[in-house]
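Have a look at target-v2.pdb; it's PDB, C-alpha atoms:
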```
ATOM      1  CA  MET A   1       1.253   2.444  17.595
ATOM      2  CA  LYS A   2       2.824   1.499  20.901
ATOM      3  CA  LYS A   3      -0.613   0.805  22.349
ATOM      4  CA  LEU A   4      -1.441  -1.533  19.475
ATOM      5  CA  LEU A   5       1.830  -3.351  19.948
ATOM      6  CA  LEU A   6       1.117  -3.752  23.661
ATOM      7  CA  ILE A   7      -2.359  -5.142  22.959
ATOM      8  CA  ILE A   8      -0.967  -7.632  20.450
ATOM      9  CA  LEU A   9       1.707  -8.732  22.903
ATOM     10  CA  ALA A  10      -0.848  -9.158  25.705
ATOM     11  CA  ALA A  11      -3.110 -11.180  23.409
ATOM     12  CA  ALA A  12      -0.187 -13.368  22.362
ATOM     13  CA  PHE A  13       0.528 -14.129  26.016
ATOM     14  CA  CYS A  14      -3.113 -14.764  26.914
ATOM     15  CA  LEU A  15      -4.111 -16.929  23.947
ATOM     16  CA  PRO A  16      -2.099 -20.075  24.792
ATOM     17  CA  GLY A  17      -3.527 -20.122  28.311
ATOM     18  CA  TRP A  18      -7.027 -19.625  27.016
ATOM     19  CA  ALA A  19      -6.566 -22.381  24.459
ATOM     20  CA  LYS A  20      -5.218 -24.682  27.165
ATOM     21  CA  ASP A  21      -8.294 -24.095  29.320
ATOM     22  CA  GLU A  22     -10.568 -24.657  26.341
ATOM     23  CA  GLY A  23      -8.989 -28.052  25.791
ATOM     24  CA  LYS A  24      -9.868 -29.004  29.347
ATOM     25  CA  LYS A  25     -13.536 -28.199  28.894
ATOM     26  CA  LEU A  26     -16.281 -30.244  27.340
ATOM     27  CA  PRO A  27     -17.508 -28.169  24.380
ATOM     28  CA  ALA A  28     -21.174 -27.917  23.495
ATOM     29  CA  HIS A  29     -22.480 -30.348  20.872
ATOM     30  CA  ALA A  30     -19.508 -32.654  21.326
ATOM     31  CA  LYS A  31     -19.911 -36.302  20.335
ATOM     32  CA  VAL A  32     -20.048 -38.379  23.495
ATOM     33  CA  PHE A  33     -19.936 -42.127  23.923
ATOM     34  CA  LEU A  34     -21.423 -43.726  27.042
ATOM     35  CA  ALA A  35     -19.326 -46.677  28.155
ATOM     36  CA  PRO A  36     -21.098 -49.626  29.824
ATOM     37  CA  MET A  37     -21.641 -49.035  33.553
ATOM     38  CA  GLY A  38     -23.701 -52.056  34.526
ATOM     39  CA  GLY A  39     -26.948 -50.588  33.227
ATOM     40  CA  PHE A  40     -26.402 -47.100  34.648
ATOM     41  CA  GLU A  41     -25.508 -45.841  31.163
ATOM     42  CA  ASN A  42     -29.178 -46.168  30.170
ATOM     43  CA  ASP A  43     -30.305 -44.044  33.112
ATOM     44  CA  LEU A  44     -27.602 -41.513  32.286
ATOM     45  CA  LYS A  45     -28.639 -41.383  28.628
ATOM     46  CA  THR A  46     -32.252 -40.746  29.618
ATOM     47  CA  ALA A  47     -31.171 -38.073  32.104
ATOM     48  CA  ILE A  48     -28.947 -36.323  29.535
ATOM     49  CA  GLU A  49     -31.906 -36.132  27.181
ATOM     50  CA  LYS A  50     -34.289 -35.027  29.941
ATOM     51  CA  LYS A  51     -31.998 -32.270  31.206
ATOM     52  CA  LYS A  52     -31.281 -31.181  27.634
ATOM     53  CA  VAL A  53     -27.528 -31.416  27.997
ATOM     54  CA  PRO A  54     -26.039 -29.953  24.786
ATOM     55  CA  VAL A  55     -24.115 -33.058  23.688
ATOM     56  CA  GLU A  56     -24.593 -35.590  20.935
ATOM     57  CA  ILE A  57     -24.666 -39.186  22.168
ATOM     58  CA  VAL A  58     -23.173 -41.689  19.736
ATOM     59  CA  ALA A  59     -23.438 -45.465  19.872
ATOM     60  CA  GLU A  60     -19.921 -46.162  18.576
ATOM     61  CA  ARG A  61     -16.806 -45.245  20.461
ATOM     62  CA  ASP A  62     -14.799 -44.578  17.269
ATOM     63  CA  LYS A  63     -17.155 -41.809  16.249
ATOM     64  CA  ALA A  64     -16.952 -40.029  19.588
ATOM     65  CA  ASP A  65     -14.716 -37.203  20.796
ATOM     66  CA  PHE A  66     -15.379 -37.845  24.476
ATOM     67  CA  GLU A  67     -16.206 -40.875  26.567
ATOM     68  CA  ILE A  68     -18.210 -41.089  29.769
ATOM     69  CA  THR A  69     -17.158 -43.858  32.116
ATOM     70  CA  GLY A  70     -18.350 -44.432  35.615
ATOM     71  CA  THR A  71     -19.817 -46.603  38.273
ATOM     72  CA  SER A  72     -23.057 -46.817  40.160
ATOM     73  CA  GLU A  73     -24.067 -48.604  43.327
ATOM     74  CA  THR A  74     -27.450 -49.265  44.831
ATOM     75  CA  GLU A  75     -28.075 -50.304  48.412
ATOM     76  CA  LYS A  76     -31.611 -51.510  48.698
ATOM     77  CA  ALA A  77     -33.450 -50.967  51.957
ATOM     78  CA  GLY A  78     -33.098 -54.018  54.162
ATOM     79  CA  LYS A  79     -35.601 -55.408  56.635
ATOM     80  CA  ALA A  80     -34.011 -53.448  59.459
ATOM     81  CA  LYS A  81     -34.310 -50.169  57.593
ATOM     82  CA  LYS A  82     -37.907 -50.882  56.711
ATOM     83  CA  VAL A  83     -38.888 -51.896  60.257
ATOM     84  CA  ILE A  84     -36.758 -49.499  62.298
ATOM     85  CA  MET A  85     -36.475 -46.453  60.052
ATOM     86  CA  LEU A  86     -39.788 -47.011  58.230
ATOM     87  CA  ASP A  87     -37.954 -46.213  55.024
ATOM     88  CA  TRP A  88     -38.357 -48.197  51.812
ATOM     89  CA  HIS A  89     -36.086 -46.060  49.647
ATOM     90  CA  SER A  90     -32.673 -47.194  48.487
ATOM     91  CA  ASN A  91     -29.345 -45.444  48.958
ATOM     92  CA  GLU A  92     -27.643 -44.572  45.711
ATOM     93  CA  GLN A  93     -24.158 -43.471  44.810
ATOM     94  CA  ALA A  94     -22.625 -42.902  41.415
ATOM     95  CA  SER A  95     -19.564 -41.352  39.909
ATOM     96  CA  ILE A  96     -18.823 -40.415  36.298
ATOM     97  CA  THR A  97     -15.721 -39.297  34.442
ATOM     98  CA  VAL A  98     -15.661 -37.602  31.055
ATOM     99  CA  SER A  99     -12.402 -37.989  29.174
ATOM    100  CA  ASN A 100     -11.163 -36.703  25.851
ATOM    101  CA  LEU A 101     -10.534 -39.727  23.627
ATOM    102  CA  LYS A 102      -7.824 -37.991  21.597
ATOM    103  CA  SER A 103      -5.732 -36.473  24.362
ATOM    104  CA  GLY A 104      -6.778 -38.903  27.060
ATOM    105  CA  GLU A 105      -7.335 -36.004  29.445
ATOM    106  CA  VAL A 106     -10.158 -36.071  31.972
ATOM    107  CA  VAL A 107     -12.273 -32.948  31.419
ATOM    108  CA  PHE A 108     -15.052 -33.536  33.923
ATOM    109  CA  ALA A 109     -15.753 -35.787  36.870
ATOM    110  CA  TYR A 110     -18.597 -35.834  39.325
ATOM    111  CA  SER A 111     -19.752 -38.063  42.155
ATOM    112  CA  VAL A 112     -23.104 -38.118  43.878
ATOM    113  CA  ASN A 113     -24.494 -39.846  46.943
ATOM    114  CA  LYS A 114     -28.209 -39.921  47.651
ATOM    115  CA  GLN A 115     -29.573 -41.466  50.809
ATOM    116  CA  SER A 116     -33.138 -42.684  50.633
ATOM    117  CA  SER A 117     -33.302 -41.792  46.976
ATOM    118  CA  ALA A 118     -36.903 -41.293  45.957
ATOM    119  CA  HIS A 119     -36.361 -42.399  42.358
ATOM    120  CA  GLY A 120     -33.382 -44.720  42.725
ATOM    121  CA  LYS A 121     -30.774 -44.582  39.975
ATOM    122  CA  ARG A 122     -32.811 -42.019  38.097
ATOM    123  CA  SER A 123     -32.017 -39.422  40.778
ATOM    124  CA  THR A 124     -28.263 -39.947  40.632
ATOM    125  CA  ALA A 125     -28.260 -40.015  36.828
ATOM    126  CA  GLU A 126     -30.175 -36.738  36.689
ATOM    127  CA  ALA A 127     -27.776 -35.175  39.196
ATOM    128  CA  CYS A 128     -24.846 -36.197  36.984
ATOM    129  CA  ALA A 129     -26.572 -34.816  33.880
ATOM    130  CA  LYS A 130     -27.435 -31.556  35.624
ATOM    131  CA  HIS A 131     -23.845 -30.940  36.702
ATOM    132  CA  LEU A 132     -22.541 -31.941  33.276
ATOM    133  CA  LYS A 133     -24.817 -29.346  31.718
ATOM    134  CA  ASP A 134     -23.604 -26.714  34.193
ATOM    135  CA  GLN A 135     -20.014 -27.472  33.268
ATOM    136  CA  ILE A 136     -20.706 -27.173  29.522
ATOM    137  CA  GLU A 137     -22.591 -23.943  29.971
ATOM    138  CA  GLY A 138     -19.833 -22.631  32.227
ATOM    139  CA  LYS A 139     -22.032 -22.065  35.281
TER
ATOM    140  CA  MET B   1      16.022 -19.655  99.580
ATOM    141  CA  PHE B   2      16.065 -20.091  95.782
ATOM    142  CA  LYS B   3      19.304 -22.019  95.976
ATOM    143  CA  MET B   4      17.778 -24.358  98.529
ATOM    144  CA  ALA B   5      14.725 -24.956  96.329
ATOM    145  CA  ALA B   6      16.866 -25.616  93.251
ATOM    146  CA  ILE B   7      18.996 -28.140  95.143
ATOM    147  CA  LEU B   8      15.882 -29.908  96.459
ATOM    148  CA  VAL B   9      14.359 -30.138  92.945
ATOM    149  CA  ALA B  10      17.645 -31.473  91.556
ATOM    150  CA  LEU B  11      17.896 -34.077  94.297
ATOM    151  CA  ALA B  12      14.305 -35.190  93.752
ATOM    152  CA  GLY B  13      14.972 -35.549  90.042
ATOM    153  CA  MET B  14      18.128 -37.583  90.623
ATOM    154  CA  VAL B  15      16.372 -39.937  93.033
ATOM    155  CA  ALA B  16      13.361 -40.479  90.812
ATOM    156  CA  TYR B  17      15.198 -40.645  87.441
ATOM    157  CA  PRO B  18      18.842 -41.538  87.962
ATOM    158  CA  ALA B  19      19.425 -42.287  84.241
ATOM    159  CA  VAL B  20      18.191 -38.851  83.203
ATOM    160  CA  ALA B  21      20.116 -37.181  85.970
ATOM    161  CA  GLN B  22      23.375 -38.802  84.804
ATOM    162  CA  THR B  23      23.117 -37.286  81.351
ATOM    163  CA  ALA B  24      21.913 -33.920  82.619
ATOM    164  CA  GLN B  25      24.257 -31.099  83.481
ATOM    165  CA  PRO B  26      24.912 -30.275  87.141
ATOM    166  CA  SER B  27      22.592 -27.803  88.718
ATOM    167  CA  GLY B  28      25.389 -25.393  89.473
ATOM    168  CA  ALA B  29      24.888 -23.594  86.222
ATOM    169  CA  GLN B  30      21.275 -22.895  87.008
ATOM    170  CA  SER B  31      22.020 -21.644  90.494
ATOM    171  CA  LYS B  32      24.780 -19.461  89.043
ATOM    172  CA  ALA B  33      22.346 -18.041  86.572
ATOM    173  CA  GLN B  34      19.876 -17.422  89.339
ATOM    174  CA  ASP B  35      22.636 -15.695  91.283
ATOM    175  CA  ASN B  36      23.359 -13.529  88.302
ATOM    176  CA  ALA B  37      19.711 -12.734  87.946
ATOM    177  CA  GLN B  38      19.575 -11.705  91.589
ATOM    178  CA  THR B  39      22.879  -9.918  92.023
ATOM    179  CA  GLY B  40      24.313  -9.172  88.599
ATOM    180  CA  ALA B  41      21.147  -7.910  86.997
ATOM    181  CA  GLN B  42      22.237  -4.363  87.674
ATOM    182  CA  GLN B  43      25.524  -4.804  85.760
ATOM    183  CA  LYS B  44      24.137  -6.672  82.735
ATOM    184  CA  PRO B  45      21.214  -5.582  80.590
ATOM    185  CA  PRO B  46      18.102  -7.720  81.150
ATOM    186  CA  ALA B  47      18.012  -9.032  77.564
ATOM    187  CA  GLU B  48      21.574 -10.317  77.856
ATOM    188  CA  THR B  49      20.808 -12.016  81.142
ATOM    189  CA  GLN B  50      17.808 -13.757  79.635
ATOM    190  CA  ALA B  51      19.817 -14.970  76.658
ATOM    191  CA  GLU B  52      22.518 -16.258  78.946
ATOM    192  CA  GLN B  53      19.972 -18.147  80.988
ATOM    193  CA  GLN B  54      18.508 -19.728  77.858
ATOM    194  CA  ASN B  55      21.891 -20.770  76.473
ATOM    195  CA  LYS B  56      23.181 -22.243  79.686
ATOM    196  CA  PRO B  57      22.381 -25.909  80.267
ATOM    197  CA  THR B  58      19.856 -26.220  83.020
ATOM    198  CA  GLU B  59      18.413 -29.006  85.074
ATOM    199  CA  PRO B  60      15.552 -30.724  83.278
ATOM    200  CA  SER B  61      12.244 -29.722  84.763
ATOM    201  CA  THR B  62      10.139 -32.329  86.513
ATOM    202  CA  GLU B  63       7.652 -32.401  83.604
ATOM    203  CA  ALA B  64      10.404 -32.956  81.089
ATOM    204  CA  ALA B  65      12.003 -35.576  83.298
ATOM    205  CA  LYS B  66       8.719 -37.477  83.501
ATOM    206  CA  LYS B  67       8.653 -37.861  79.710
ATOM    207  CA  THR B  68       9.870 -41.296  78.713
ATOM    208  CA  PRO B  69      11.125 -42.045  75.184
ATOM    209  CA  ALA B  70       7.821 -43.781  74.416
ATOM    210  CA  ASP B  71       5.879 -40.667  75.353
ATOM    211  CA  ALA B  72       8.120 -38.481  73.267
ATOM    212  CA  LYS B  73       7.307 -40.512  70.117
ATOM    213  CA  PRO B  74       4.903 -38.490  67.992
ATOM    214  CA  ASN B  75       1.660 -40.073  66.860
ATOM    215  CA  ALA B  76       1.976 -41.601  63.423
ATOM    216  CA  PRO B  77       0.126 -39.345  60.952
ATOM    217  CA  ALA B  78      -2.317 -40.803  58.452
ATOM    218  CA  LYS B  79      -0.508 -39.101  55.587
ATOM    219  CA  VAL B  80       2.995 -40.378  54.987
ATOM    220  CA  SER B  81       5.256 -38.476  52.667
ATOM    221  CA  VAL B  82       7.339 -41.359  51.399
ATOM    222  CA  ASN B  83       9.772 -39.249  49.447
ATOM    223  CA  ALA B  84      10.747 -35.705  50.197
ATOM    224  CA  THR B  85      10.306 -34.829  46.517
ATOM    225  CA  LYS B  86       6.953 -33.261  45.737
ATOM    226  CA  ILE B  87       4.814 -33.991  42.706
ATOM    227  CA  PRO B  88       5.299 -31.075  40.294
ATOM    228  CA  SER B  89       2.288 -28.908  39.624
ATOM    229  CA  GLY B  90       0.622 -29.724  36.293
ATOM    230  CA  SER B  91       1.799 -33.342  36.239
ATOM    231  CA  ARG B  92      -0.187 -35.884  34.281
ATOM    232  CA  ILE B  93      -1.686 -38.471  36.610
ATOM    233  CA  TYR B  94      -3.365 -41.738  35.736
ATOM    234  CA  VAL B  95      -5.769 -43.310  38.217
ATOM    235  CA  ALA B  96      -5.639 -47.097  38.033
ATOM    236  CA  PRO B  97      -8.848 -49.133  38.379
ATOM    237  CA  MET B  98      -9.872 -49.715  42.001
ATOM    238  CA  GLY B  99     -13.196 -51.489  41.549
ATOM    239  CA  GLY B 100     -15.077 -48.314  40.676
ATOM    240  CA  PHE B 101     -13.468 -46.172  43.389
ATOM    241  CA  GLU B 102     -11.151 -44.570  40.800
ATOM    242  CA  ASN B 103     -14.087 -42.485  39.557
ATOM    243  CA  TYR B 104     -14.631 -41.072  43.055
ATOM    244  CA  VAL B 105     -10.917 -40.277  43.358
ATOM    245  CA  ILE B 106     -10.939 -38.437  40.007
ATOM    246  CA  ALA B 107     -14.063 -36.532  41.031
ATOM    247  CA  GLY B 108     -12.396 -35.646  44.364
ATOM    248  CA  ILE B 109      -9.238 -34.437  42.600
ATOM    249  CA  LEU B 110     -11.223 -32.222  40.237
ATOM    250  CA  LYS B 111     -13.529 -30.937  42.963
ATOM    251  CA  LYS B 112     -10.653 -29.966  45.236
ATOM    252  CA  LYS B 113      -8.924 -28.316  42.277
ATOM    253  CA  VAL B 114      -5.695 -30.241  42.645
ATOM    254  CA  PRO B 115      -3.259 -28.668  40.153
ATOM    255  CA  VAL B 116      -2.679 -31.838  38.136
ATOM    256  CA  SER B 117      -3.976 -33.139  34.842
ATOM    257  CA  VAL B 118      -5.820 -36.448  35.122
ATOM    258  CA  VAL B 119      -5.480 -38.669  32.075
ATOM    259  CA  SER B 120      -7.283 -41.875  31.208
ATOM    260  CA  ASP B 121      -4.331 -43.401  29.356
ATOM    261  CA  ARG B 122      -1.457 -44.778  31.444
ATOM    262  CA  ASP B 123       1.095 -44.283  28.640
ATOM    263  CA  LYS B 124       0.466 -40.543  28.646
ATOM    264  CA  ALA B 125       0.934 -40.212  32.401
ATOM    265  CA  GLU B 126       3.944 -39.390  34.565
ATOM    266  CA  TYR B 127       2.406 -40.593  37.817
ATOM    267  CA  GLU B 128      -0.009 -43.337  38.705
ATOM    268  CA  ILE B 129      -2.450 -43.560  41.602
ATOM    269  CA  ARG B 130      -3.128 -47.028  42.921
ATOM    270  CA  GLY B 131      -5.203 -48.031  45.868
ATOM    271  CA  ALA B 132      -8.090 -49.857  47.428
ATOM    272  CA  ALA B 133     -11.346 -48.989  49.110
ATOM    273  CA  GLU B 134     -13.701 -50.802  51.427
ATOM    274  CA  THR B 135     -17.245 -50.102  52.498
ATOM    275  CA  GLU B 136     -18.937 -51.457  55.602
ATOM    276  CA  LYS B 137     -22.656 -50.978  55.380
ATOM    277  CA  ALA B 138     -24.709 -50.211  58.457
ATOM    278  CA  GLY B 139     -26.221 -53.328  60.022
ATOM    279  CA  TRP B 140     -29.505 -53.653  61.866
ATOM    280  CA  ALA B 141     -27.859 -53.154  65.250
ATOM    281  CA  LYS B 142     -26.368 -49.827  64.169
ATOM    282  CA  MET B 143     -29.724 -48.712  62.847
ATOM    283  CA  LEU B 144     -31.517 -49.786  66.007
ATOM    284  CA  PHE B 145     -29.105 -48.481  68.649
ATOM    285  CA  MET B 146     -27.422 -45.588  66.865
ATOM    286  CA  GLY B 147     -30.270 -44.618  64.577
ATOM    287  CA  SER B 148     -27.729 -44.252  61.792
ATOM    288  CA  GLN B 149     -27.740 -45.853  58.376
ATOM    289  CA  ASN B 150     -24.437 -44.312  57.261
ATOM    290  CA  SER B 151     -21.686 -46.626  56.131
ATOM    291  CA  ASN B 152     -18.088 -46.823  57.307
ATOM    292  CA  GLU B 153     -15.597 -46.141  54.568
ATOM    293  CA  GLN B 154     -11.896 -46.759  54.355
ATOM    294  CA  ALA B 155      -9.550 -46.198  51.469
ATOM    295  CA  SER B 156      -5.861 -46.062  50.826
ATOM    296  CA  ILE B 157      -3.924 -44.765  47.851
ATOM    297  CA  ASN B 158      -0.332 -44.353  46.803
ATOM    298  CA  VAL B 159       1.136 -42.210  44.052
ATOM    299  CA  GLN B 160       3.982 -43.720  42.073
ATOM    300  CA  GLU B 161       6.292 -42.148  39.573
ATOM    301  CA  ILE B 162       5.882 -44.384  36.528
ATOM    302  CA  LYS B 163       9.443 -44.007  35.209
ATOM    303  CA  SER B 164      11.321 -44.673  38.419
ATOM    304  CA  GLY B 165       8.623 -46.659  40.195
ATOM    305  CA  SER B 166       9.219 -44.764  43.418
ATOM    306  CA  VAL B 167       6.294 -43.973  45.692
ATOM    307  CA  VAL B 168       6.098 -40.219  46.184
ATOM    308  CA  PHE B 169       2.908 -39.974  48.221
ATOM    309  CA  ALA B 170       0.657 -42.250  50.219
ATOM    310  CA  TYR B 171      -2.507 -41.564  52.153
ATOM    311  CA  SER B 172      -5.155 -43.565  53.926
ATOM    312  CA  VAL B 173      -8.529 -42.443  55.145
ATOM    313  CA  ASN B 174     -11.078 -44.003  57.465
ATOM    314  CA  LYS B 175     -14.484 -42.413  57.797
ATOM    315  CA  LEU B 176     -16.951 -43.669  60.358
ATOM    316  CA  ASN B 177     -20.588 -42.858  59.645
ATOM    317  CA  SER B 178     -19.676 -41.384  56.288
ATOM    318  CA  VAL B 179     -22.613 -39.241  55.209
ATOM    319  CA  ARG B 180     -21.625 -39.261  51.542
ATOM    320  CA  GLY B 181     -20.064 -42.717  51.370
ATOM    321  CA  LYS B 182     -17.275 -43.175  48.853
ATOM    322  CA  GLN B 183     -17.611 -39.577  47.752
ATOM    323  CA  SER B 184     -16.289 -38.437  51.163
ATOM    324  CA  ALA B 185     -13.295 -40.743  50.933
ATOM    325  CA  GLY B 186     -12.555 -39.615  47.365
ATOM    326  CA  GLU B 187     -12.679 -35.959  48.355
ATOM    327  CA  ALA B 188     -10.438 -36.529  51.388
ATOM    328  CA  ILE B 189      -7.861 -38.052  49.048
ATOM    329  CA  GLY B 190      -8.140 -35.072  46.719
ATOM    330  CA  LYS B 191      -7.713 -32.639  49.595
ATOM    331  CA  HIS B 192      -4.608 -34.320  50.962
ATOM    332  CA  LEU B 193      -3.102 -34.855  47.526
ATOM    333  CA  ASN B 194      -3.100 -31.078  47.212
ATOM    334  CA  GLU B 195      -0.465 -30.964  49.955
ATOM    335  CA  ALA B 196       1.842 -33.253  48.021
ATOM    336  CA  ILE B 197       1.833 -31.079  44.935
ATOM    337  CA  GLY B 198       4.738 -28.676  44.637
ATOM    338  CA  LYS B 199       3.385 -25.201  44.063
ATOM    339  CA  ASP B 200       6.065 -23.133  42.422
TER
END
```
Transcribe the structure of this file into C-alpha cells.
Amino acid sequence: MKKLLLIILAAAFCLPGWAKDEGKKLPAHAKVFLAPMGGFENDLKTAIEKKKVPVEIVAERDKADFEITGTSETEKAGKAKKVIMLDWHSNEQASITVSNLKSGEVVFAYSVNKQSSAHGKRSTAEACAKHLKDQIEGK
Amino acid sequence: MFKMAAILVALAGMVAYPAVAQTAQPSGAQSKAQDNAQTGAQQKPPAETQAEQQNKPTEPSTEAAKKTPADAKPNAPAKVSVNATKIPSGSRIYVAPMGGFENYVIAGILKKKVPVSVVSDRDKAEYEIRGAAETEKAGWAKMLFMGSQNSNEQASINVQEIKSGSVVFAYSVNKLNSVRGKQSAGEAIGKHLNEAIGKD
C-alpha cells in the first residue's frame, strides 16, 4: 500500500514536468504553416515532403498549430571566386524558427551555412527539414 | 648587506618615481621585518613571521612602481553586464526583428541550451532582445592574397526588461573569417547569454 502511494506521489511530481517538456516539442502530424521567406518557403516545403517530415503543411495560418518563419541568403559566386578559386557554386545560409501559434513559444530553431553549396537553396532547405524531422522523432 | 640593498632600492624608487614614493610607506618597516626574519626567527614561529611580513606595509617593488595608472586599467571586455541583476532562469524572452538575424539568435539560444523560453509574441515576454548585425563579404583581394572566401561578421545585442525598460545584458561579437557566417555570431550570443542567466 505504501509502495503504491509512493509511486502515485512520484508520478504526480513527474507529470507536470513531462507535460511542460511536451509543450515545448513539435508533435508529429501537427498542422504547420510556412510563412513567406522570400521564396525560401517553397524550397522548404519541397524539402519537408522529400525528407518525409511527419507534419501537415497548411496554406492558411488560421488553420495551423505551428508556424515556420525564417530567412535565407544566397551569395552567388563572383568573378573573383570563379577565376581565383575556380568555384561556381554559391554560398548559402538560412535560419528557421518554429513557434507555437497558441502559446507563442518557440519550439524549434535551426540555422545552416553551406559554402559552395552544390544545389543552392535546396541544400539548406533539406538540412532544415532533416533536423526538423530529427527533432520530431526525438533523435 | 640586506639593509644596504633595501636602502639602495628605496632610493632608486624615490628618484625615479617621486610621486609614488611620497605615498608609499618608509622602508624602515621592511628592513625591520628583514631584521626580524634574520634575528627574531628563532623566537617567533615561521608562519607568524610570514604573516607579519605580509601585513606590514612595504616598499613598492620596482615592477609595481613602473605601473602607471593607464597600465593598471583593465582591458574593456566585450561583454558588459549593465546591471548586476541576472536574468532569472526560465524567463520568457522575445527576440525583436533584426533584418533576419533574429532567427540566427534564436537558433543560437536553443543550440546552446540557454535556460530561457523564447516566445514569438512580445506581449507574452518579460525580456526583449534587440540588436543589429553586419556582414562584410570577402572581396577579390582577400580571395587572391588570403585564399579565403569567408565573411567578416559583427553583431551586437542588448537584453531589456520590458516592464522597467532597463538593460540587463549587452554583448557584441566580431568574427573575422567567420566559417559559418551569421550562424557563428548567433551561437556566440547564445553562449554568452548563458552567463547572464541566474542559475538557482
**Report entry** Counting all atoms listed in the file, chain B residues within 12 Å of chain A, as a VMD selection string
**Finding:** chain B and resid 90 to 95 97 to 113 116 to 125 135 to 151 178 to 187
May I have the residues within 6 Å of stretch 155-164 of chain B as a PDB file with C-alpha atoms, keeping the file's coordinate frame, using all atoms listed in the file and disregarding those fewer than 3 positions away in the same chain?
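Dumped everything to out.pdb:
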```pdb
ATOM      1  CA  GLU B 126       3.944 -39.390  34.565  1.00  0.00           C
ATOM      2  CA  TYR B 127       2.406 -40.593  37.817  1.00  0.00           C
ATOM      3  CA  GLU B 128      -0.009 -43.337  38.705  1.00  0.00           C
ATOM      4  CA  ILE B 129      -2.450 -43.560  41.602  1.00  0.00           C
ATOM      5  CA  ARG B 130      -3.128 -47.028  42.921  1.00  0.00           C
ATOM      6  CA  GLY B 131      -5.203 -48.031  45.868  1.00  0.00           C
ATOM      7  CA  ALA B 132      -8.090 -49.857  47.428  1.00  0.00           C
ATOM      8  CA  ALA B 133     -11.346 -48.989  49.110  1.00  0.00           C
ATOM      9  CA  VAL B 167       6.294 -43.973  45.692  1.00  0.00           C
ATOM     10  CA  VAL B 168       6.098 -40.219  46.184  1.00  0.00           C
ATOM     11  CA  PHE B 169       2.908 -39.974  48.221  1.00  0.00           C
ATOM     12  CA  ALA B 170       0.657 -42.250  50.219  1.00  0.00           C
ATOM     13  CA  TYR B 171      -2.507 -41.564  52.153  1.00  0.00           C
ATOM     14  CA  SER B 172      -5.155 -43.565  53.926  1.00  0.00           C
ATOM     15  CA  VAL B 173      -8.529 -42.443  55.145  1.00  0.00           C
TER      16      VAL B 173
END
```
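Surrounding residues of (-35.9, -40.8, 40.1) at most 12 Å away are Asp43, Leu44, Thr46, Ala47, Lys50, His89, Ser90, Asn91, Glu92, Lys114, Ser116, Ser117, Ala118, His119, Gly120, Lys121, Arg122, Ser123, Thr124, Ala125, Glu126 and Ala127 of chain A (based on all atoms listed in the file).
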Query raised in the report: For A:Lys133, which of A:Ile68, A:Leu86, A:Val53, A:Ala59 is the closest residue, counting only C-alpha atoms?
Result: A:Val53
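Going from atom CA of A:Lys102 over to atom CA of A:Glu67, you cover 10.2 Å.
Note that atom CA of B:Ala188 and atom CA of A:Pro36 are 27.4 Å apart.
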**Report entry** Point-to-point distance from atom CA of A:Lys51 to atom CA of A:His29, Å rounded to tenths
**Finding:** 14.2 Å
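Comparing the minimum interatomic distances between A:Val58 and each of A:Lys76, A:Glu137, A:Gly39, A:Ala30, counting all atoms listed in the file, we find that A:Ala30 sits nearest.
The nearest approach to B:Lys191 among the residues B:Val114, B:Asn152, B:Lys175, B:Ser166, with all atoms listed in the file taken into account, belongs to B:Val114.
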So that I can check the surroundings of A:Ala64, please list as a PDB file with C-alpha atoms, keeping the file's coordinate frame every protein, DNA and RNA residue that reaches within 6 Å of it, counting all atoms listed in the file and ignoring chain neighbours fewer than 5 positions away.
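Wrote result_16.pdb, looks like this:
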```
ATOM      1  CA  LYS A  31     -19.911 -36.302  20.335  1.00  0.00           C
ATOM      2  CA  VAL A  32     -20.048 -38.379  23.495  1.00  0.00           C
ATOM      3  CA  PHE A  33     -19.936 -42.127  23.923  1.00  0.00           C
TER       4      PHE A  33
END
```
Requested in this report: List the residues matched by the PyMOL selection byres ((chain B and resi 193-196) around 7) in the displayed structure as an NGL selection string, ordered by chain and then by residue number.
Outcome: :B and (86-87 or 114 or 169 or 189-192 or 197-198)
Mind giving me the axis-aligned box for stretch 62-75 of chain A with 5 Å on every side, centre plus edges in Å to one decimal, as AutoDock Vina command-line options?
```
--center_x -21.4 --center_y -43.8 --center_z 32.3 --size_x 23.4 --size_y 23.1 --size_z 42.2
```
File for stretch 25-33 of chain A (N, CA and C atoms), as a CSV table (one decimal), in the first residue's frame:
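The new file selection.csv reads:
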```csv
chain,number,residue,atom,x,y,z
A,25,LYS,N,7.8,20.7,-27.5
A,25,LYS,CA,8.2,19.9,-28.6
A,25,LYS,C,7.2,20.1,-29.8
A,26,LEU,N,7.7,19.8,-31.0
A,26,LEU,CA,6.8,19.9,-32.1
A,26,LEU,C,6.2,18.4,-32.3
A,27,PRO,N,4.9,18.2,-32.0
A,27,PRO,CA,4.4,16.9,-32.1
A,27,PRO,C,4.3,16.4,-33.6
A,28,ALA,N,4.3,15.1,-33.7
A,28,ALA,CA,4.1,14.5,-35.1
A,28,ALA,C,2.7,14.8,-35.6
A,29,HIS,N,2.6,15.0,-36.9
A,29,HIS,CA,1.4,15.3,-37.6
A,29,HIS,C,0.7,16.6,-37.2
A,30,ALA,N,1.5,17.5,-36.7
A,30,ALA,CA,1.0,18.8,-36.3
A,30,ALA,C,0.7,19.7,-37.6
A,31,LYS,N,-0.2,20.6,-37.5
A,31,LYS,CA,-0.5,21.4,-38.7
A,31,LYS,C,0.4,22.6,-38.7
A,32,VAL,N,1.2,22.7,-39.8
A,32,VAL,CA,2.3,23.8,-39.8
A,32,VAL,C,2.0,24.7,-41.0
A,33,PHE,N,2.2,26.0,-40.7
A,33,PHE,CA,2.0,27.0,-41.7
A,33,PHE,C,3.4,27.6,-42.1
```
